[in-house]
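A.B. asks: Got a structure for you, entry.tsv, holding TSV, C-alpha atoms.
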```
chain	number	residue	atom	x	y	z
A	1	MET	CA	58.45	171.87	62.48
A	2	GLU	CA	58.24	168.77	60.31
A	3	THR	CA	58.02	165.50	62.25
A	4	TYR	CA	58.66	162.36	60.22
A	5	ARG	CA	57.32	158.89	60.99
A	6	ASN	CA	58.45	155.50	59.74
A	7	GLU	CA	56.14	154.00	57.13
A	8	TRP	CA	55.69	150.55	55.64
A	9	LYS	CA	53.23	149.80	52.85
A	10	TYR	CA	52.26	146.37	51.48
A	11	GLN	CA	49.88	145.24	48.76
A	12	ILE	CA	47.94	142.32	50.22
A	13	SER	CA	45.43	139.67	49.17
A	14	LEU	CA	41.88	139.17	50.43
A	15	SER	CA	43.01	136.27	52.62
A	16	ASP	CA	45.78	138.50	54.01
A	17	LEU	CA	43.14	141.10	54.85
A	18	PHE	CA	41.11	138.60	56.87
A	19	THR	CA	44.24	137.36	58.67
A	20	LEU	CA	45.52	140.83	59.50
A	21	ARG	CA	42.11	141.99	60.70
A	22	GLN	CA	41.95	139.15	63.23
A	23	ARG	CA	45.52	139.65	64.37
A	24	MET	CA	45.12	143.38	64.87
A	25	ARG	CA	41.87	142.97	66.77
A	26	ALA	CA	43.76	140.69	69.15
A	27	VAL	CA	46.69	143.01	69.90
A	28	ALA	CA	45.58	146.59	69.14
A	29	LYS	CA	42.56	148.86	69.46
A	30	PRO	CA	40.36	150.16	66.65
A	31	ASP	CA	40.82	153.87	66.05
A	32	GLU	CA	38.21	155.80	68.07
A	33	HIS	CA	36.86	157.38	64.86
A	34	ALA	CA	36.29	154.02	63.14
A	35	GLY	CA	32.71	153.57	64.30
A	36	PRO	CA	30.93	150.42	65.48
A	37	GLU	CA	31.92	148.43	62.40
A	38	GLY	CA	35.60	149.29	62.82
A	39	ARG	CA	35.96	151.20	59.57
A	40	TYR	CA	35.19	154.47	57.85
A	41	GLN	CA	34.96	155.93	54.37
A	42	VAL	CA	37.66	158.30	53.15
A	43	ARG	CA	37.21	160.81	50.34
A	44	SER	CA	40.18	162.86	49.11
A	45	LEU	CA	40.69	165.40	46.37
A	46	TYR	CA	44.29	165.51	45.15
A	47	PHE	CA	46.14	168.45	43.61
A	48	ASP	CA	48.83	168.38	40.94
A	49	THR	CA	50.55	170.65	38.43
A	50	PRO	CA	49.58	170.92	34.73
A	51	GLY	CA	52.54	168.61	34.00
A	52	ASP	CA	51.54	166.15	36.76
A	53	GLN	CA	54.65	166.70	38.87
A	54	ALA	CA	53.35	164.77	41.91
A	55	LEU	CA	52.28	161.85	39.73
A	56	ARG	CA	55.55	161.72	37.79
A	57	GLU	CA	57.69	161.95	40.94
A	58	LYS	CA	55.81	158.99	42.40
A	59	ILE	CA	56.20	156.94	39.21
A	60	ASP	CA	59.91	157.84	38.97
A	61	GLY	CA	60.56	157.02	42.63
A	62	VAL	CA	61.84	160.48	43.56
A	63	ASN	CA	63.16	160.22	47.12
A	64	VAL	CA	61.76	163.52	48.44
A	65	ARG	CA	58.28	164.47	47.22
A	66	GLU	CA	55.03	166.01	48.41
A	67	LYS	CA	51.31	166.01	47.64
A	68	PHE	CA	48.44	168.30	48.66
A	69	ARG	CA	44.90	167.03	49.16
A	70	LEU	CA	41.53	167.84	50.70
A	71	ARG	CA	39.96	165.11	52.83
A	72	TYR	CA	36.85	164.25	54.81
A	73	TYR	CA	35.37	161.11	56.32
A	74	ASN	CA	32.05	159.23	56.19
A	75	GLY	CA	30.45	161.89	54.03
A	76	ASP	CA	30.76	164.54	56.77
A	77	THR	CA	31.55	167.77	54.91
A	78	GLY	CA	31.32	169.67	58.19
A	79	PHE	CA	34.90	168.64	58.96
A	80	ILE	CA	37.28	168.98	56.02
A	81	ARG	CA	41.06	169.13	56.17
A	82	LEU	CA	43.68	170.44	53.81
A	83	GLU	CA	46.70	168.14	54.09
A	84	LYS	CA	50.24	168.08	52.78
A	85	LYS	CA	51.89	164.67	52.71
A	86	LYS	CA	55.67	164.71	52.36
A	87	LYS	CA	57.82	161.62	51.77
A	88	LYS	CA	61.53	161.19	52.33
A	89	GLY	CA	62.58	157.63	51.58
A	90	GLY	CA	60.81	155.35	54.05
A	91	LEU	CA	59.70	158.27	56.23
A	92	GLY	CA	56.52	160.31	55.98
A	93	CYS	CA	55.35	163.63	57.36
A	94	LYS	CA	51.81	165.04	57.30
A	95	GLN	CA	50.63	168.57	58.02
A	96	SER	CA	46.97	169.55	58.10
A	97	VAL	CA	44.59	172.43	58.73
A	98	VAL	CA	40.80	172.49	59.01
A	99	LEU	CA	38.82	174.28	56.29
A	100	THR	CA	35.20	175.32	56.15
A	101	ARG	CA	32.96	173.72	53.55
A	102	GLU	CA	32.88	177.02	51.66
A	103	GLU	CA	36.68	177.31	51.66
A	104	ALA	CA	37.06	173.73	50.41
A	105	LEU	CA	34.53	174.29	47.65
A	106	ASP	CA	36.27	177.51	46.63
A	107	LEU	CA	39.65	175.78	46.61
A	108	ALA	CA	38.37	172.85	44.54
A	109	GLU	CA	37.12	175.30	41.91
A	110	SER	CA	40.41	177.29	42.05
A	111	PRO	CA	39.37	180.83	43.15
A	112	LEU	CA	41.93	181.84	45.77
A	113	ASP	CA	40.74	185.12	47.30
A	114	TRP	CA	40.55	183.94	50.92
A	115	MET	CA	43.89	182.11	51.07
A	116	PRO	CA	46.59	184.82	51.34
A	117	GLY	CA	44.99	186.42	54.40
A	118	SER	CA	43.82	183.23	56.07
A	119	GLY	CA	46.58	183.25	58.69
A	120	ARG	CA	47.03	179.48	58.18
A	121	PRO	CA	50.53	178.68	56.92
A	122	LEU	CA	49.55	175.51	55.08
A	123	ALA	CA	46.78	177.26	53.15
A	124	MET	CA	49.14	180.11	52.35
A	125	GLU	CA	51.79	177.64	51.12
A	126	LEU	CA	49.28	175.96	48.83
A	127	TYR	CA	48.20	179.38	47.54
A	128	SER	CA	51.81	180.21	46.70
A	129	LYS	CA	52.26	176.92	44.83
A	130	MET	CA	48.96	177.29	43.01
A	131	ARG	CA	50.23	180.64	41.78
A	132	SER	CA	53.83	179.63	41.03
A	133	GLN	CA	53.43	175.98	39.92
A	134	GLY	CA	49.85	175.94	38.69
A	135	LEU	CA	48.67	173.36	41.24
A	136	ARG	CA	45.02	172.53	40.72
A	137	ALA	CA	42.54	169.89	41.86
A	138	LYS	CA	42.89	166.74	39.74
A	139	THR	CA	40.76	163.83	40.88
A	140	ILE	CA	38.75	162.26	43.68
A	141	VAL	CA	40.05	159.17	45.48
A	142	ASP	CA	37.57	157.16	47.61
A	143	TYR	CA	38.28	154.10	49.74
A	144	THR	CA	37.33	152.17	52.86
A	145	ARG	CA	39.76	152.12	55.79
A	146	GLU	CA	40.02	149.88	58.86
A	147	PRO	CA	42.39	151.62	61.32
A	148	PHE	CA	44.08	150.23	64.44
A	149	VAL	CA	46.26	151.97	67.03
A	150	TYR	CA	48.83	150.73	69.54
A	151	GLY	CA	50.17	153.09	72.21
A	152	PRO	CA	53.86	152.13	72.55
A	153	GLY	CA	55.67	153.53	69.54
A	154	ASN	CA	52.57	155.53	68.56
A	155	VAL	CA	51.74	152.83	66.02
A	156	ARG	CA	48.94	153.11	63.48
A	157	VAL	CA	48.03	150.18	61.24
A	158	THR	CA	45.47	150.60	58.45
A	159	LEU	CA	43.79	148.23	56.01
A	160	ASP	CA	42.54	150.02	52.89
A	161	TYR	CA	40.33	148.63	50.12
A	162	HIS	CA	37.42	149.42	47.76
A	163	ILE	CA	39.52	152.09	46.07
A	164	ARG	CA	37.49	154.20	43.64
A	165	THR	CA	38.32	157.06	41.30
A	166	GLY	CA	36.38	160.15	40.32
A	167	LEU	CA	37.52	159.87	36.69
A	168	GLY	CA	39.02	163.36	36.82
A	169	SER	CA	36.01	164.88	38.61
A	170	THR	CA	36.71	167.50	41.30
A	171	ASP	CA	33.12	167.69	42.62
A	172	PHE	CA	34.18	165.95	45.80
A	173	LEU	CA	31.64	167.63	48.12
A	174	ASN	CA	28.80	166.15	46.11
A	175	PRO	CA	27.77	162.81	47.72
A	176	ASP	CA	26.23	161.75	44.41
A	177	CYS	CA	29.41	162.37	42.42
A	178	LEU	CA	30.13	159.33	40.25
A	179	THR	CA	33.12	157.20	41.25
A	180	VAL	CA	34.11	153.83	39.80
A	181	PRO	CA	36.51	151.06	40.91
A	182	ALA	CA	40.13	151.95	40.18
A	183	GLY	CA	41.00	148.86	38.16
A	184	GLU	CA	41.26	145.40	39.69
A	185	PRO	CA	40.47	145.23	43.43
A	186	VAL	CA	43.53	146.12	45.49
A	187	MET	CA	44.03	145.95	49.26
A	188	ILE	CA	46.77	147.84	51.09
A	189	LEU	CA	48.35	147.41	54.51
A	190	GLU	CA	50.07	150.49	55.95
A	191	VAL	CA	52.09	150.57	59.17
A	192	LYS	CA	53.30	153.85	60.71
A	193	TRP	CA	55.27	154.45	63.89
A	194	ASP	CA	57.59	156.90	65.62
A	195	GLU	CA	60.90	155.83	67.20
A	196	PHE	CA	60.35	152.07	67.47
A	197	LEU	CA	57.99	149.36	66.24
A	198	PRO	CA	56.99	146.99	69.07
A	199	GLU	CA	57.71	143.34	68.39
A	200	VAL	CA	54.07	142.36	68.95
A	201	ILE	CA	53.03	144.60	66.06
A	202	ARG	CA	55.96	143.52	63.89
A	203	MET	CA	54.83	139.92	64.31
A	204	ALA	CA	51.14	140.72	63.81
A	205	VAL	CA	51.71	142.44	60.46
A	206	GLY	CA	54.29	139.94	59.24
A	207	LEU	CA	53.21	138.11	56.10
A	208	CYS	CA	55.33	135.39	54.53
A	209	GLY	CA	56.47	136.28	51.04
A	210	ARG	CA	55.23	139.89	51.12
A	211	SER	CA	57.61	142.74	50.36
A	212	GLY	CA	57.17	146.48	50.59
A	213	SER	CA	55.01	148.11	47.93
A	214	ALA	CA	55.21	151.50	46.23
A	215	PHE	CA	51.46	151.40	45.55
A	216	SER	CA	49.84	154.82	45.41
A	217	LYS	CA	46.07	155.32	45.50
A	218	TYR	CA	46.49	158.65	43.73
A	219	ARG	CA	48.62	157.12	40.97
A	220	GLU	CA	46.17	154.26	40.51
A	221	CYS	CA	43.21	156.61	40.25
A	222	ARG	CA	45.01	158.92	37.81
A	223	LEU	CA	45.11	156.08	35.29
A	224	TYR	CA	41.47	156.94	34.70
A	225	GLY	CA	41.67	160.73	34.51
```
Could you write out this structure as structure tokens?
C.D. replies:
Amino acid sequence: METYRNEWKYQISLSDLFTLRQRMRAVAKPDEHAGPEGRYQVRSLYFDTPGDQALREKIDGVNVREKFRLRYYNGDTGFIRLEKKKKKGGLGCKQSVVLTREEALDLAESPLDWMPGSGRPLAMELYSKMRSQGLRAKTIVDYTREPFVYGPGNVRVTLDYHIRTGLGSTDFLNPDCLTVPAGEPVMILEVKWDEFLPEVIRMAVGLCGRSGSAFSKYRECRLYG
């Protein structure tokens, strides 16, 4: 069953980042996986069709769209997830399944032998779309994330920055794989919640003169490969 959450996304300045960090530390808790410094490193490998369907749908503002990616954190390739992110207007839905390092490596290089009999619906769906639509790994996206959580409303607030691209490389399990900054430095605020957004969080993330952004890390990184 697909469960959608409300999502806001804003492109912010460095001064906004400092302000939001202090506000969130005052009203919310750091995510338990963030570590002692309150942040972690994210590495993703995104998939797309030969005609770049996911990229074009994002650029064109298609209301209902989806993307597949592999992801791990802080260089730990012992815990890798296959994820499907689906968007419907201002709502988002994410499904995920854990893969072994060997499965992720196999998938990044496109052999598919293990997928049909894996018994994991998300892997089987990706297999079907790799066969029917030609989905293949496209590029690495790296960034730093500072995550905060707030219980009422199941709120998650993240501050993302230091976005880097793999220049079309799919060698995402290699810690020495070259990545470079994806253009000018960009910082992103994301706010996600279930049924309601508590007023204390609404006030904490409020920034005068800022409006919602359609910024996409994948789109930005695809400018370079």
A.B. asks: Would you list the residues near (40.7, 151.2, 62.2), meaning any protein, DNA or RNA residue with an atom at most 7 Å from that point in file coordinates, counting all atoms listed in the file, as a PyMOL selection string?
C.D. replies: chain A and resi 30-31+34+38-39+145-148+158
A.B. asks: When you look at Gly89 (chain A) with a cut-off of 12 Å (counting only C-alpha atoms), what residues show up, excluding the ones that are within fewer than 4 positions of it in the same chain? I need them as a list of chain:residue names.
C.D. replies: A:Tyr4, A:Arg5, A:Asn6, A:Glu7, A:Trp8, A:Lys58, A:Gly61, A:Val62, A:Asn63, A:Val64, A:Arg65, A:Glu66, A:Cys93, A:Ala214
A.B. asks: Which is closest to Val141 (chain A) among A:Glu102, A:Glu37, A:Asp171, A:Asp194, if we use only C-alpha atoms?
C.D. replies: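 Ranking A:Glu102, A:Glu37, A:Asp171, A:Asp194 by distance to Val141 (chain A), first place goes to A:Asp171.
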A.B. asks: I'd like the interatomic distance between CA of Arg136 (chain A) and CA of Ala108 (chain A), to a tenth of an Å.
C.D. replies: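 CA of Arg136 (chain A) sits 7.7 Å away from CA of Ala108 (chain A).
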A.B. asks: Which one is closest to Ala26 (chain A): A:Val149, A:Leu159, A:Ala54, A:Ala182? Count all atoms listed in the file.
C.D. replies: A:Val149
A.B. asks: Just want the 10 Å neighbourhood of Gly166 (chain A), counted on all atoms listed in the file, with same-chain residues fewer than 3 positions away dropped. Output as a PyMOL selection string.
C.D. replies: chain A and resi 44-45+138-142+169-172+177-182+221-222+224-225
A.B. asks: To one decimal place, how far is CA of Arg25 (chain A) from CA of Arg202 (chain A) in Å?
C.D. replies: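 Interatomic distance here is 14.4 Å.
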A.B. asks: When you draw a straight line from CA of Glu195 (chain A) to CA of Thr19 (chain A), how long is it in Å?
C.D. replies: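 Computed distance, CA of Glu195 (chain A) to CA of Thr19 (chain A), equals 26.3 Å.
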A.B. asks: Tell me which of A:Asp113, A:Asp16, A:Asp48, A:Glu184 sits closest to Arg164 (chain A), counting only C-alpha atoms.
C.D. replies: A:Glu184
A.B. asks: Which of these residues is nearest to Asp176 (chain A), using only C-alpha atoms: A:Asn154, A:Lys217, A:Ser13, A:Gly75?
C.D. replies: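 Nearest to Asp176 (chain A): A:Gly75.
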A.B. asks: Go through A:Glu2, A:Tyr10, A:Lys88, A:Gln95 one by one, measure the shortest atom-to-atom distance of each to Arg69 (chain A) using only C-alpha atoms, and give the residue with the smallest value.
C.D. replies: A:Gln95
A.B. asks: Quick one: everything within 9 Å of Met115 (chain A), counting all atoms listed in the file, minus sequence neighbours fewer than 6 positions away in the same chain. Send it as a PyMOL selection string.
C.D. replies: chain A and resi 103+107+123-124+126-127
A.B. asks: Taking all atoms listed in the file into account, which of A:Arg43, A:Arg23, A:Lys87, A:Lys9 comes nearest Met203 (chain A)?
C.D. replies: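 Of all the options, A:Arg23 lies closest to Met203 (chain A).
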